[in-house]
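Undergrad: Could you have a look at this structure, given as C-alpha cells, before my questions?
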Amino acid sequence: MQALISPRAKSIILPTITFIAILAIWEGVSRGFSIPAFVLPAPSRILMGFEAITFSRWMEHVWATLRVALIGYFVSIAVAIPIAIGLTRSKTLADCLYPILVVVQSTPIVAVAPIIIVVLGSQDAPRIVITFLITFFPLVVSTTTGLMATPPELIELSRSLRAPASREFTQIRIPFAIPYIFSALKISITLAVIGAVVAEFVAADKGVGYFIQFSTSLFKLPEAWAGLGVLVLMSLTLFQLVELTQRVFFPWSLPKDAT
Amino acid sequence: MTEAPAAIRFKGLGQIFKTATGPLEALRGVDFSVARNEFVAVLGPSGCGKSTLLRCIAGLLKPTSGSLEVFGLPVTDPRDDIGIVFQKPTLLPWANVEDNVVFPIKHKSGRVRPDDRDEARKLLKMVGLDGFEKRMPAELSGGMQQRVGIARALLLNPDILLMDEPFSALDALTREEMGFELLRIWQQHPKTVLFITHSISEAVLLADRVLVMSERPGGIIRDLKVPLPRPRSIETTSSKVMHDFSGQLRTLLLKRAS
C-alpha cells in the first residue's frame, strides 16, 4: 500500500490534504461559533469577497502591484550586481560603500516610504524606489559573497594564464556566484511584493495593497482577505518563476538532491 | 656548444609574507635545479612552504630574496609554458568535461577553435576519459575529475608541469592508480615535472629525484636520486630498493619532526 505512492506524489498529496483540512476546520469553527466576518471570515465568505469587484478590476489591481514589484525588482538587480562586482574588485570602493550600504539596510524602509512619496509624487516612481530599497540589500550581500566564494585555485589559474581581469569575472567569478545570486533573487522577489504593497498603503489609487486598505477602511474584511489571498498567490507564482528560471538555465547550480 | 639551461633553477630564494600577526618566513635559502624532462618530487611536512615554492615558479608570487630562473630566464610574470594541477580538481561545475579542458584557451584568448577541441579530445583519450567529453563534472568520481584537471593543465602543451599534491584528495587505491597513469602520460609526453607531495611512497615511485624540505622556514635539506630503474610498475612498489629508500626518507622526515 505504502509502495504504491511515490515519495514525490506523497510530498504533494500530504500538504494538500493538510491545507484542505485547515480550510474545513476554519469553515466549521467560523460557522459553528458564528464568528463575525470582521474578526475571521469563513473561507466561503472570503471566496465571495472575490466577487465584490469584477475580474477586470482585479486584474487592474494585480497589474498595478505586479508592475511596481517587477520594475523595482529588475532595477534592483541591475544596480546590485554591478555594485557587488565593484565591491569585489576594489577594496577602496568596498571601504567607501559598505558603511553606507549598512546604514541603508538599517533604515526601516517602511518608515521612509511616506517621505519618499512626498518627494517623488504619487506616480509609480516612489513605489518603485521603495521596492528597490527593500530588495536590493540581500542581492548585494549575497552576490558579493558568491563572487568571493570562487575557489582560489581558479583565480590562480586565471592569473597564471594572464587573462584580462574582466574575463576573471565573466568566466569564473560570476558563474560561481550564480547559486548565491539565485538564493538572493528568491528572497528578493517576495520582498519586492512587500515593497510594492507597503508603497500602496502610503499612497495609491490602485493595486492589491490599496484594495486591502480600502476594503478594511469600509469594514469589508472578506474582501480584504481575498486581496491577501491574491497577494499570496502572486508571491508564490513569482517565487516559482525564479526557481524555474534557475532550474531551466542553471541546472548545475541547484543543490544535489533537488535535481 | 653551451650547456642547455636548467628547466628550473632556484638560487638562494627566500619568501617572506606580511601577515596580520607580523612577517612570516615561508622559504629560506632555497637552492636547487631541475633538468629538462626530469621528474622531481618535493617532499615535506605540511606548512613547510611546498606550495609557495610552486607558486613562485608559476610566477604567481614574487620572491622576497634570491632568484629563480625558468629555462635560463628570471621569472617575472606567469609563463605560457607552465601547466598547473591543483590539489583539488577545481573544475567549472557549469561546463562539461570537454569545455573544462579547453577552458584555459577560452579564458586566455576569449575564443576556442575547432583545433583546440580536437586537442582536448585527444588529451581526454590520453588520460583515459574517452567518451566522457559531454559529461558534467558532478557526474565524475574524484579520480576522474583529477584526470580532467591533468588534461586541462596539458592543453597548452606546457614544458613544465607543476603538481600541487594532485592525488592527496583521492582514496588510497585510486591514488596509486593515478600515480601509474601519470607515469604513463609522462613517458608518452616527456615534460619537466615538479610534483609536490607529503607521501613518501608516491614521491619514490614517481620521481627521478626527491627533494626533502625542512619545516618552516622551508628549505631543501636533502636532494636524493631515486635508485629505481624505469619504467616502474606494481612490482617496483614491493621491491627491496624501494622499501629501503622509503625507509631512509622516513627516518629523515621523522628525525626532523621530533
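Every chain in the C-alpha cells has a letter given in the order shown (A, B, ...), and although residue numbers restart at 1 in each chain, ligands are simply numbered from 1 in the order shown.
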Near Ala24 in chain A, within 12 Å and counting only C-alpha atoms, which residues show up once chain neighbours fewer than 6 positions away are dropped, as a PDB file with N, CA, C and O atoms, in the first residue's frame?
TA:
ATOM      1  N   ILE A  17      -3.784  17.714   1.479  1.00  0.00           N
ATOM      2  CA  ILE A  17      -4.786  17.224   2.443  1.00  0.00           C
ATOM      3  C   ILE A  17      -4.785  18.117   3.685  1.00  0.00           C
ATOM      4  O   ILE A  17      -5.840  18.531   4.167  1.00  0.00           O
ATOM      5  N   THR A  18      -3.582  18.450   4.177  1.00  0.00           N
ATOM      6  CA  THR A  18      -3.483  19.300   5.367  1.00  0.00           C
ATOM      7  C   THR A  18      -4.167  20.648   5.123  1.00  0.00           C
ATOM      8  O   THR A  18      -4.906  21.145   5.952  1.00  0.00           O
ATOM      9  N   SER A  30     -15.780  28.844  12.119  1.00  0.00           N
ATOM     10  CA  SER A  30     -16.337  30.140  11.780  1.00  0.00           C
ATOM     11  C   SER A  30     -17.869  30.114  11.824  1.00  0.00           C
ATOM     12  O   SER A  30     -18.504  31.002  12.378  1.00  0.00           O
ATOM     13  N   ARG A  31     -18.434  29.040  11.248  1.00  0.00           N
ATOM     14  CA  ARG A  31     -19.897  28.930  11.215  1.00  0.00           C
ATOM     15  C   ARG A  31     -20.436  28.490  12.577  1.00  0.00           C
ATOM     16  O   ARG A  31     -21.382  29.078  13.096  1.00  0.00           O
ATOM     17  N   GLY A  32     -19.811  27.461  13.138  1.00  0.00           N
ATOM     18  CA  GLY A  32     -20.287  26.875  14.389  1.00  0.00           C
ATOM     19  C   GLY A  32     -20.348  27.892  15.521  1.00  0.00           C
ATOM     20  O   GLY A  32     -21.299  27.911  16.314  1.00  0.00           O
ATOM     21  N   ALA A  42     -15.224  33.204   7.250  1.00  0.00           N
ATOM     22  CA  ALA A  42     -15.066  31.814   6.807  1.00  0.00           C
ATOM     23  C   ALA A  42     -14.521  31.804   5.379  1.00  0.00           C
ATOM     24  O   ALA A  42     -14.748  32.759   4.636  1.00  0.00           O
ATOM     25  N   PRO A  43     -13.805  30.736   5.010  1.00  0.00           N
ATOM     26  CA  PRO A  43     -13.274  30.671   3.652  1.00  0.00           C
ATOM     27  C   PRO A  43     -14.349  30.902   2.583  1.00  0.00           C
ATOM     28  O   PRO A  43     -14.078  31.548   1.567  1.00  0.00           O
ATOM     29  N   SER A  44     -15.562  30.421   2.832  1.00  0.00           N
ATOM     30  CA  SER A  44     -16.620  30.600   1.835  1.00  0.00           C
ATOM     31  C   SER A  44     -16.974  32.090   1.694  1.00  0.00           C
ATOM     32  O   SER A  44     -17.251  32.571   0.596  1.00  0.00           O
TER      33      SER A  44
END
Undergrad: May I have the residues within 12 Å of Ala226 in chain A as a PDB file with all heavy atoms, in the first residue's frame, using only C-alpha atoms and disregarding those fewer than 4 positions away in the same chain?
TA:
ATOM      1  N   PRO A  41     -13.452  35.898   8.775  1.00  0.00           N
ATOM      2  CA  PRO A  41     -14.460  35.410   7.844  1.00  0.00           C
ATOM      3  C   PRO A  41     -14.174  33.967   7.441  1.00  0.00           C
ATOM      4  O   PRO A  41     -13.014  33.576   7.325  1.00  0.00           O
ATOM      5  CB  PRO A  41     -14.329  36.350   6.642  1.00  0.00           C
ATOM      6  CG  PRO A  41     -12.968  36.927   6.740  1.00  0.00           C
ATOM      7  CD  PRO A  41     -12.574  36.902   8.178  1.00  0.00           C
ATOM      8  N   ALA A  42     -15.224  33.204   7.250  1.00  0.00           N
ATOM      9  CA  ALA A  42     -15.066  31.814   6.807  1.00  0.00           C
ATOM     10  C   ALA A  42     -14.521  31.804   5.379  1.00  0.00           C
ATOM     11  O   ALA A  42     -14.748  32.759   4.636  1.00  0.00           O
ATOM     12  CB  ALA A  42     -16.419  31.108   6.849  1.00  0.00           C
ATOM     13  N   PRO A  43     -13.805  30.736   5.010  1.00  0.00           N
ATOM     14  CA  PRO A  43     -13.274  30.671   3.652  1.00  0.00           C
ATOM     15  C   PRO A  43     -14.349  30.902   2.583  1.00  0.00           C
ATOM     16  O   PRO A  43     -14.078  31.548   1.567  1.00  0.00           O
ATOM     17  CB  PRO A  43     -12.715  29.248   3.570  1.00  0.00           C
ATOM     18  CG  PRO A  43     -12.365  28.898   4.969  1.00  0.00           C
ATOM     19  CD  PRO A  43     -13.373  29.594   5.828  1.00  0.00           C
ATOM     20  N   SER A  44     -15.562  30.421   2.832  1.00  0.00           N
ATOM     21  CA  SER A  44     -16.620  30.600   1.835  1.00  0.00           C
ATOM     22  C   SER A  44     -16.974  32.090   1.694  1.00  0.00           C
ATOM     23  O   SER A  44     -17.251  32.571   0.596  1.00  0.00           O
ATOM     24  CB  SER A  44     -17.859  29.795   2.229  1.00  0.00           C
ATOM     25  OG  SER A  44     -18.288  30.184   3.526  1.00  0.00           O
ATOM     26  N   ARG A  45     -16.907  32.806   2.816  1.00  0.00           N
ATOM     27  CA  ARG A  45     -17.172  34.248   2.761  1.00  0.00           C
ATOM     28  C   ARG A  45     -16.055  34.969   1.996  1.00  0.00           C
ATOM     29  O   ARG A  45     -16.316  35.888   1.225  1.00  0.00           O
ATOM     30  CB  ARG A  45     -17.258  34.835   4.191  1.00  0.00           C
ATOM     31  CG  ARG A  45     -18.611  34.803   4.851  1.00  0.00           C
ATOM     32  CD  ARG A  45     -19.635  35.717   4.138  1.00  0.00           C
ATOM     33  NE  ARG A  45     -19.524  37.134   4.474  1.00  0.00           N
ATOM     34  CZ  ARG A  45     -19.275  38.109   3.595  1.00  0.00           C
ATOM     35  NH1 ARG A  45     -19.067  37.807   2.338  1.00  0.00           N
ATOM     36  NH2 ARG A  45     -19.229  39.376   3.963  1.00  0.00           N
ATOM     37  N   ILE A  46     -14.826  34.534   2.253  1.00  0.00           N
ATOM     38  CA  ILE A  46     -13.682  35.147   1.551  1.00  0.00           C
ATOM     39  C   ILE A  46     -13.820  34.946   0.056  1.00  0.00           C
ATOM     40  O   ILE A  46     -13.590  35.849  -0.738  1.00  0.00           O
ATOM     41  CB  ILE A  46     -12.340  34.567   2.062  1.00  0.00           C
ATOM     42  CG1 ILE A  46     -12.149  34.924   3.539  1.00  0.00           C
ATOM     43  CG2 ILE A  46     -11.168  35.095   1.241  1.00  0.00           C
ATOM     44  CD1 ILE A  46     -10.959  34.280   4.190  1.00  0.00           C
ATOM     45  N   LEU A  47     -14.258  33.730  -0.291  1.00  0.00           N
ATOM     46  CA  LEU A  47     -14.455  33.401  -1.702  1.00  0.00           C
ATOM     47  C   LEU A  47     -15.463  34.368  -2.322  1.00  0.00           C
ATOM     48  O   LEU A  47     -15.285  34.821  -3.455  1.00  0.00           O
ATOM     49  CB  LEU A  47     -14.950  31.951  -1.816  1.00  0.00           C
ATOM     50  CG  LEU A  47     -14.374  31.124  -2.966  1.00  0.00           C
ATOM     51  CD1 LEU A  47     -12.856  31.137  -2.924  1.00  0.00           C
ATOM     52  CD2 LEU A  47     -14.881  29.696  -2.892  1.00  0.00           C
ATOM     53  N   MET A  48     -16.489  34.699  -1.542  1.00  0.00           N
ATOM     54  CA  MET A  48     -17.478  35.656  -2.030  1.00  0.00           C
ATOM     55  C   MET A  48     -16.857  37.049  -2.150  1.00  0.00           C
ATOM     56  O   MET A  48     -17.285  37.853  -2.985  1.00  0.00           O
ATOM     57  CB  MET A  48     -18.698  35.701  -1.096  1.00  0.00           C
ATOM     58  CG  MET A  48     -19.670  34.552  -1.341  1.00  0.00           C
ATOM     59  SD  MET A  48     -20.706  34.240   0.103  1.00  0.00           S
ATOM     60  CE  MET A  48     -21.687  35.734   0.144  1.00  0.00           C
ATOM     61  N   GLY A  49     -15.848  37.296  -1.310  1.00  0.00           N
ATOM     62  CA  GLY A  49     -15.150  38.582  -1.368  1.00  0.00           C
ATOM     63  C   GLY A  49     -14.525  38.827  -2.732  1.00  0.00           C
ATOM     64  O   GLY A  49     -14.405  39.965  -3.186  1.00  0.00           O
ATOM     65  N   PHE A  50     -14.128  37.732  -3.378  1.00  0.00           N
ATOM     66  CA  PHE A  50     -13.535  37.869  -4.717  1.00  0.00           C
ATOM     67  C   PHE A  50     -14.542  38.448  -5.700  1.00  0.00           C
ATOM     68  O   PHE A  50     -14.173  39.061  -6.691  1.00  0.00           O
ATOM     69  CB  PHE A  50     -13.061  36.501  -5.233  1.00  0.00           C
ATOM     70  CG  PHE A  50     -11.758  36.062  -4.643  1.00  0.00           C
ATOM     71  CD1 PHE A  50     -11.719  35.086  -3.658  1.00  0.00           C
ATOM     72  CD2 PHE A  50     -10.558  36.624  -5.070  1.00  0.00           C
ATOM     73  CE1 PHE A  50     -10.513  34.676  -3.114  1.00  0.00           C
ATOM     74  CE2 PHE A  50      -9.358  36.211  -4.531  1.00  0.00           C
ATOM     75  CZ  PHE A  50      -9.332  35.242  -3.540  1.00  0.00           C
ATOM     76  N   GLU A  51     -15.827  38.214  -5.399  1.00  0.00           N
ATOM     77  CA  GLU A  51     -16.854  38.653  -6.349  1.00  0.00           C
ATOM     78  C   GLU A  51     -17.280  40.101  -6.113  1.00  0.00           C
ATOM     79  O   GLU A  51     -18.119  40.631  -6.835  1.00  0.00           O
ATOM     80  CB  GLU A  51     -18.079  37.726  -6.270  1.00  0.00           C
ATOM     81  CG  GLU A  51     -17.766  36.343  -6.806  1.00  0.00           C
ATOM     82  CD  GLU A  51     -18.798  35.307  -6.370  1.00  0.00           C
ATOM     83  OE1 GLU A  51     -19.910  35.714  -5.967  1.00  0.00           O
ATOM     84  OE2 GLU A  51     -18.475  34.115  -6.415  1.00  0.00           O
ATOM     85  N   ALA A  52     -16.690  40.731  -5.095  1.00  0.00           N
ATOM     86  CA  ALA A  52     -17.065  42.111  -4.791  1.00  0.00           C
ATOM     87  C   ALA A  52     -16.748  43.033  -5.958  1.00  0.00           C
ATOM     88  O   ALA A  52     -17.452  44.007  -6.201  1.00  0.00           O
ATOM     89  CB  ALA A  52     -16.352  42.590  -3.535  1.00  0.00           C
ATOM     90  N   ILE A  53     -15.666  42.745  -6.666  1.00  0.00           N
ATOM     91  CA  ILE A  53     -15.347  43.558  -7.843  1.00  0.00           C
ATOM     92  C   ILE A  53     -15.174  42.630  -9.037  1.00  0.00           C
ATOM     93  O   ILE A  53     -14.940  41.422  -8.878  1.00  0.00           O
ATOM     94  CB  ILE A  53     -14.054  44.395  -7.639  1.00  0.00           C
ATOM     95  CG1 ILE A  53     -12.889  43.497  -7.244  1.00  0.00           C
ATOM     96  CG2 ILE A  53     -14.272  45.493  -6.609  1.00  0.00           C
ATOM     97  CD1 ILE A  53     -11.551  44.211  -7.243  1.00  0.00           C
ATOM     98  N   TRP A  58     -10.019  43.350 -10.755  1.00  0.00           N
ATOM     99  CA  TRP A  58      -8.962  42.590 -10.074  1.00  0.00           C
ATOM    100  C   TRP A  58      -7.669  42.677 -10.862  1.00  0.00           C
ATOM    101  O   TRP A  58      -6.595  42.926 -10.312  1.00  0.00           O
ATOM    102  CB  TRP A  58      -9.363  41.109  -9.938  1.00  0.00           C
ATOM    103  CG  TRP A  58     -10.081  40.771  -8.669  1.00  0.00           C
ATOM    104  CD1 TRP A  58     -11.332  40.252  -8.554  1.00  0.00           C
ATOM    105  CD2 TRP A  58      -9.595  40.923  -7.326  1.00  0.00           C
ATOM    106  NE1 TRP A  58     -11.672  40.083  -7.244  1.00  0.00           N
ATOM    107  CE2 TRP A  58     -10.622  40.478  -6.459  1.00  0.00           C
ATOM    108  CE3 TRP A  58      -8.408  41.400  -6.772  1.00  0.00           C
ATOM    109  CZ2 TRP A  58     -10.488  40.489  -5.075  1.00  0.00           C
ATOM    110  CZ3 TRP A  58      -8.270  41.420  -5.407  1.00  0.00           C
ATOM    111  CH2 TRP A  58      -9.303  40.965  -4.567  1.00  0.00           C
ATOM    112  N   VAL A 208      -3.269  45.854  -5.317  1.00  0.00           N
ATOM    113  CA  VAL A 208      -3.887  44.930  -4.360  1.00  0.00           C
ATOM    114  C   VAL A 208      -3.728  45.453  -2.933  1.00  0.00           C
ATOM    115  O   VAL A 208      -4.643  45.338  -2.113  1.00  0.00           O
ATOM    116  CB  VAL A 208      -3.275  43.515  -4.500  1.00  0.00           C
ATOM    117  CG1 VAL A 208      -3.988  42.539  -3.579  1.00  0.00           C
ATOM    118  CG2 VAL A 208      -3.363  43.031  -5.940  1.00  0.00           C
ATOM    119  N   GLY A 209      -2.582  46.071  -2.643  1.00  0.00           N
ATOM    120  CA  GLY A 209      -2.363  46.652  -1.319  1.00  0.00           C
ATOM    121  C   GLY A 209      -3.372  47.770  -1.050  1.00  0.00           C
ATOM    122  O   GLY A 209      -3.968  47.847   0.026  1.00  0.00           O
ATOM    123  N   PHE A 211      -6.263  48.005  -2.447  1.00  0.00           N
ATOM    124  CA  PHE A 211      -7.574  47.366  -2.335  1.00  0.00           C
ATOM    125  C   PHE A 211      -7.798  46.839  -0.912  1.00  0.00           C
ATOM    126  O   PHE A 211      -8.887  46.994  -0.344  1.00  0.00           O
ATOM    127  CB  PHE A 211      -7.679  46.227  -3.355  1.00  0.00           C
ATOM    128  CG  PHE A 211      -8.967  45.447  -3.252  1.00  0.00           C
ATOM    129  CD1 PHE A 211     -10.147  45.932  -3.779  1.00  0.00           C
ATOM    130  CD2 PHE A 211      -8.988  44.211  -2.604  1.00  0.00           C
ATOM    131  CE1 PHE A 211     -11.339  45.221  -3.679  1.00  0.00           C
ATOM    132  CE2 PHE A 211     -10.174  43.500  -2.490  1.00  0.00           C
ATOM    133  CZ  PHE A 211     -11.350  43.996  -3.030  1.00  0.00           C
ATOM    134  N   ILE A 212      -6.756  46.236  -0.345  1.00  0.00           N
ATOM    135  CA  ILE A 212      -6.879  45.711   1.015  1.00  0.00           C
ATOM    136  C   ILE A 212      -7.157  46.851   1.985  1.00  0.00           C
ATOM    137  O   ILE A 212      -8.060  46.776   2.822  1.00  0.00           O
ATOM    138  CB  ILE A 212      -5.598  44.952   1.414  1.00  0.00           C
ATOM    139  CG1 ILE A 212      -5.473  43.652   0.602  1.00  0.00           C
ATOM    140  CG2 ILE A 212      -5.585  44.633   2.915  1.00  0.00           C
ATOM    141  CD1 ILE A 212      -4.188  42.901   0.829  1.00  0.00           C
ATOM    142  N   GLN A 213      -6.386  47.922   1.852  1.00  0.00           N
ATOM    143  CA  GLN A 213      -6.562  49.039   2.774  1.00  0.00           C
ATOM    144  C   GLN A 213      -7.933  49.683   2.604  1.00  0.00           C
ATOM    145  O   GLN A 213      -8.616  50.002   3.586  1.00  0.00           O
ATOM    146  CB  GLN A 213      -5.459  50.068   2.542  1.00  0.00           C
ATOM    147  CG  GLN A 213      -5.192  50.874   3.791  1.00  0.00           C
ATOM    148  CD  GLN A 213      -4.209  51.992   3.537  1.00  0.00           C
ATOM    149  OE1 GLN A 213      -4.152  52.555   2.452  1.00  0.00           O
ATOM    150  NE2 GLN A 213      -3.444  52.305   4.549  1.00  0.00           N
ATOM    151  N   SER A 215     -10.652  48.262   1.488  1.00  0.00           N
ATOM    152  CA  SER A 215     -11.695  47.358   1.977  1.00  0.00           C
ATOM    153  C   SER A 215     -11.785  47.387   3.500  1.00  0.00           C
ATOM    154  O   SER A 215     -12.875  47.414   4.064  1.00  0.00           O
ATOM    155  CB  SER A 215     -11.438  45.925   1.513  1.00  0.00           C
ATOM    156  OG  SER A 215     -11.387  45.872   0.114  1.00  0.00           O
ATOM    157  N   THR A 216     -10.629  47.377   4.159  1.00  0.00           N
ATOM    158  CA  THR A 216     -10.666  47.389   5.628  1.00  0.00           C
ATOM    159  C   THR A 216     -11.249  48.698   6.140  1.00  0.00           C
ATOM    160  O   THR A 216     -11.950  48.716   7.142  1.00  0.00           O
ATOM    161  CB  THR A 216      -9.259  47.204   6.239  1.00  0.00           C
ATOM    162  OG1 THR A 216      -8.348  48.032   5.543  1.00  0.00           O
ATOM    163  CG2 THR A 216      -8.798  45.774   6.162  1.00  0.00           C
ATOM    164  N   LYS A 220     -14.974  45.933   5.106  1.00  0.00           N
ATOM    165  CA  LYS A 220     -15.280  44.783   4.256  1.00  0.00           C
ATOM    166  C   LYS A 220     -14.140  43.779   4.376  1.00  0.00           C
ATOM    167  O   LYS A 220     -13.289  43.666   3.495  1.00  0.00           O
ATOM    168  CB  LYS A 220     -15.429  45.222   2.799  1.00  0.00           C
ATOM    169  CG  LYS A 220     -16.655  46.083   2.547  1.00  0.00           C
ATOM    170  CD  LYS A 220     -16.632  46.483   1.088  1.00  0.00           C
ATOM    171  CE  LYS A 220     -17.882  47.222   0.689  1.00  0.00           C
ATOM    172  NZ  LYS A 220     -17.751  47.764  -0.673  1.00  0.00           N
ATOM    173  N   LEU A 221     -14.102  43.074   5.497  1.00  0.00           N
ATOM    174  CA  LEU A 221     -12.982  42.186   5.766  1.00  0.00           C
ATOM    175  C   LEU A 221     -12.868  40.996   4.816  1.00  0.00           C
ATOM    176  O   LEU A 221     -11.772  40.640   4.410  1.00  0.00           O
ATOM    177  CB  LEU A 221     -13.027  41.714   7.223  1.00  0.00           C
ATOM    178  CG  LEU A 221     -12.212  42.565   8.200  1.00  0.00           C
ATOM    179  CD1 LEU A 221     -10.733  42.494   7.848  1.00  0.00           C
ATOM    180  CD2 LEU A 221     -12.624  44.037   8.187  1.00  0.00           C
ATOM    181  N   PRO A 222     -13.971  40.374   4.417  1.00  0.00           N
ATOM    182  CA  PRO A 222     -13.813  39.257   3.466  1.00  0.00           C
ATOM    183  C   PRO A 222     -13.097  39.706   2.192  1.00  0.00           C
ATOM    184  O   PRO A 222     -12.245  38.984   1.675  1.00  0.00           O
ATOM    185  CB  PRO A 222     -15.251  38.847   3.176  1.00  0.00           C
ATOM    186  CG  PRO A 222     -16.003  39.253   4.395  1.00  0.00           C
ATOM    187  CD  PRO A 222     -15.364  40.526   4.861  1.00  0.00           C
ATOM    188  N   VAL A 230      -4.870  36.951  -2.971  1.00  0.00           N
ATOM    189  CA  VAL A 230      -4.293  37.278  -4.278  1.00  0.00           C
ATOM    190  C   VAL A 230      -2.793  37.579  -4.134  1.00  0.00           C
ATOM    191  O   VAL A 230      -1.978  37.122  -4.937  1.00  0.00           O
ATOM    192  CB  VAL A 230      -5.031  38.482  -4.906  1.00  0.00           C
ATOM    193  CG1 VAL A 230      -4.292  38.999  -6.135  1.00  0.00           C
ATOM    194  CG2 VAL A 230      -6.449  38.089  -5.290  1.00  0.00           C
ATOM    195  N   LEU A 231      -2.447  38.306  -3.090  1.00  0.00           N
ATOM    196  CA  LEU A 231      -1.030  38.638  -2.879  1.00  0.00           C
ATOM    197  C   LEU A 231      -0.185  37.384  -2.636  1.00  0.00           C
ATOM    198  O   LEU A 231       0.919  37.255  -3.157  1.00  0.00           O
ATOM    199  CB  LEU A 231      -0.866  39.591  -1.681  1.00  0.00           C
ATOM    200  CG  LEU A 231      -1.196  41.054  -1.933  1.00  0.00           C
ATOM    201  CD1 LEU A 231      -0.962  41.854  -0.656  1.00  0.00           C
ATOM    202  CD2 LEU A 231      -0.339  41.616  -3.062  1.00  0.00           C
ATOM    203  N   VAL A 232      -0.729  36.478  -1.814  1.00  0.00           N
ATOM    204  CA  VAL A 232      -0.007  35.235  -1.540  1.00  0.00           C
ATOM    205  C   VAL A 232       0.225  34.478  -2.843  1.00  0.00           C
ATOM    206  O   VAL A 232       1.334  34.003  -3.133  1.00  0.00           O
ATOM    207  CB  VAL A 232      -0.780  34.356  -0.527  1.00  0.00           C
ATOM    208  CG1 VAL A 232      -0.156  32.971  -0.420  1.00  0.00           C
ATOM    209  CG2 VAL A 232      -0.830  35.026   0.837  1.00  0.00           C
ATOM    210  N   LEU A 233      -0.835  34.403  -3.635  1.00  0.00           N
ATOM    211  CA  LEU A 233      -0.745  33.706  -4.917  1.00  0.00           C
ATOM    212  C   LEU A 233       0.304  34.357  -5.816  1.00  0.00           C
ATOM    213  O   LEU A 233       1.090  33.686  -6.477  1.00  0.00           O
ATOM    214  CB  LEU A 233      -2.124  33.738  -5.594  1.00  0.00           C
ATOM    215  CG  LEU A 233      -2.419  32.574  -6.532  1.00  0.00           C
ATOM    216  CD1 LEU A 233      -2.478  31.272  -5.745  1.00  0.00           C
ATOM    217  CD2 LEU A 233      -3.736  32.812  -7.263  1.00  0.00           C
TER     218      LEU A 233
END
Undergrad: May I have the residues within 12 Å of Pro229 in chain B as a list of chain:residue names, using only C-alpha atoms and disregarding those fewer than 3 positions away in the same chain?
TA: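 In the requested format, the answer is B:Val204, B:Leu205, B:Leu206, B:Ala207, B:Asp208, B:Lys225, B:Val226, B:Arg232, B:Ser233, B:Glu235, B:Thr236, B:Thr237, B:Ser239, B:Val241, B:Met242.
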Undergrad: Go through range 29-245 of chain A and collect every residue that DSSP, computed from the backbone, puts in alpha helix (DSSP H); the answer should be as number ranges by chain.
TA: A: 29-32, 43-49, 55-89, 91-106, 109-120, 124-148, 152-160, 165-167, 174-202, 208-217, 221-245
Undergrad: Report as a list in words all protein, DNA and RNA residues lying within 9 Å of Phe167 in chain B, evaluated on only C-alpha atoms, omitting residues in the same chain fewer than 6 positions from it.
TA: Gln87, Lys88, Gly143, Gln146, Thr174, Arg175, Glu176, Met178, Gly179 and Thr197 of chain B
Undergrad: Emit the selected residues as a compact mmCIF listing (two decimals), in the first residue's frame, including C-alpha atoms.
TA:
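result_5.txt, written as the output of this step:
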# COMPACT_ATOMS: atom_id res chain seq x y z
CA GLN B 87 45.22 19.60 -5.08
CA LYS B 88 41.52 19.81 -5.82
CA GLY B 143 39.86 10.40 -9.69
CA GLN B 146 41.52 14.97 -11.41
CA THR B 174 42.74 5.49 -6.77
CA ARG B 175 45.77 7.44 -5.69
CA GLU B 176 48.14 4.61 -6.59
CA MET B 178 46.63 7.72 -10.74
CA GLY B 179 50.34 7.61 -9.98
CA THR B 197 53.51 15.59 -2.08
Undergrad: With only C-alpha atoms as the basis for distance, which of A:Arg8, A:Arg159, A:Lys186, A:Arg127 is at the shortest distance from chain B?
TA: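 Of the candidates, the smallest distance to chain B is held by A:Arg159.
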Undergrad: If we count only C-alpha atoms, what is near range 110-112 of chain A at a cut-off of 9 Å, once residues fewer than 6 positions away on the same chain are taken out, given as a PyMOL selection string?
TA: chain A and resi 130+134+195+198-199
Undergrad: What would the file look like if the residues just selected were written as a PDB file, in the first residue's frame with all heavy atoms?
TA:
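The new file part23.pdb reads:
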ATOM      1  N   ILE A 130      10.783  52.528  -3.428  1.00  0.00           N
ATOM      2  CA  ILE A 130      10.602  51.807  -2.165  1.00  0.00           C
ATOM      3  C   ILE A 130      10.874  50.305  -2.368  1.00  0.00           C
ATOM      4  O   ILE A 130      11.593  49.668  -1.590  1.00  0.00           O
ATOM      5  CB  ILE A 130       9.175  52.036  -1.610  1.00  0.00           C
ATOM      6  CG1 ILE A 130       9.040  53.513  -1.170  1.00  0.00           C
ATOM      7  CG2 ILE A 130       8.874  51.108  -0.442  1.00  0.00           C
ATOM      8  CD1 ILE A 130       7.612  53.965  -0.964  1.00  0.00           C
ATOM      9  N   ILE A 134      13.952  47.998  -0.673  1.00  0.00           N
ATOM     10  CA  ILE A 134      13.724  46.795   0.148  1.00  0.00           C
ATOM     11  C   ILE A 134      14.430  45.576  -0.426  1.00  0.00           C
ATOM     12  O   ILE A 134      14.934  44.733   0.304  1.00  0.00           O
ATOM     13  CB  ILE A 134      12.199  46.541   0.296  1.00  0.00           C
ATOM     14  CG1 ILE A 134      11.610  47.551   1.286  1.00  0.00           C
ATOM     15  CG2 ILE A 134      11.915  45.118   0.747  1.00  0.00           C
ATOM     16  CD1 ILE A 134      10.171  47.307   1.660  1.00  0.00           C
ATOM     17  N   GLY A 195       7.395  45.323  -0.806  1.00  0.00           N
ATOM     18  CA  GLY A 195       7.727  46.723  -1.073  1.00  0.00           C
ATOM     19  C   GLY A 195       6.608  47.427  -1.819  1.00  0.00           C
ATOM     20  O   GLY A 195       6.189  48.531  -1.448  1.00  0.00           O
ATOM     21  N   VAL A 198       3.583  47.912   0.549  1.00  0.00           N
ATOM     22  CA  VAL A 198       3.849  48.963   1.538  1.00  0.00           C
ATOM     23  C   VAL A 198       3.680  50.331   0.893  1.00  0.00           C
ATOM     24  O   VAL A 198       3.042  51.231   1.447  1.00  0.00           O
ATOM     25  CB  VAL A 198       5.276  48.813   2.121  1.00  0.00           C
ATOM     26  CG1 VAL A 198       5.713  50.098   2.809  1.00  0.00           C
ATOM     27  CG2 VAL A 198       5.333  47.644   3.079  1.00  0.00           C
ATOM     28  N   ALA A 199       4.221  50.490  -0.317  1.00  0.00           N
ATOM     29  CA  ALA A 199       4.118  51.759  -1.024  1.00  0.00           C
ATOM     30  C   ALA A 199       2.656  52.098  -1.302  1.00  0.00           C
ATOM     31  O   ALA A 199       2.239  53.246  -1.176  1.00  0.00           O
ATOM     32  CB  ALA A 199       4.919  51.695  -2.317  1.00  0.00           C
TER      33      ALA A 199
END
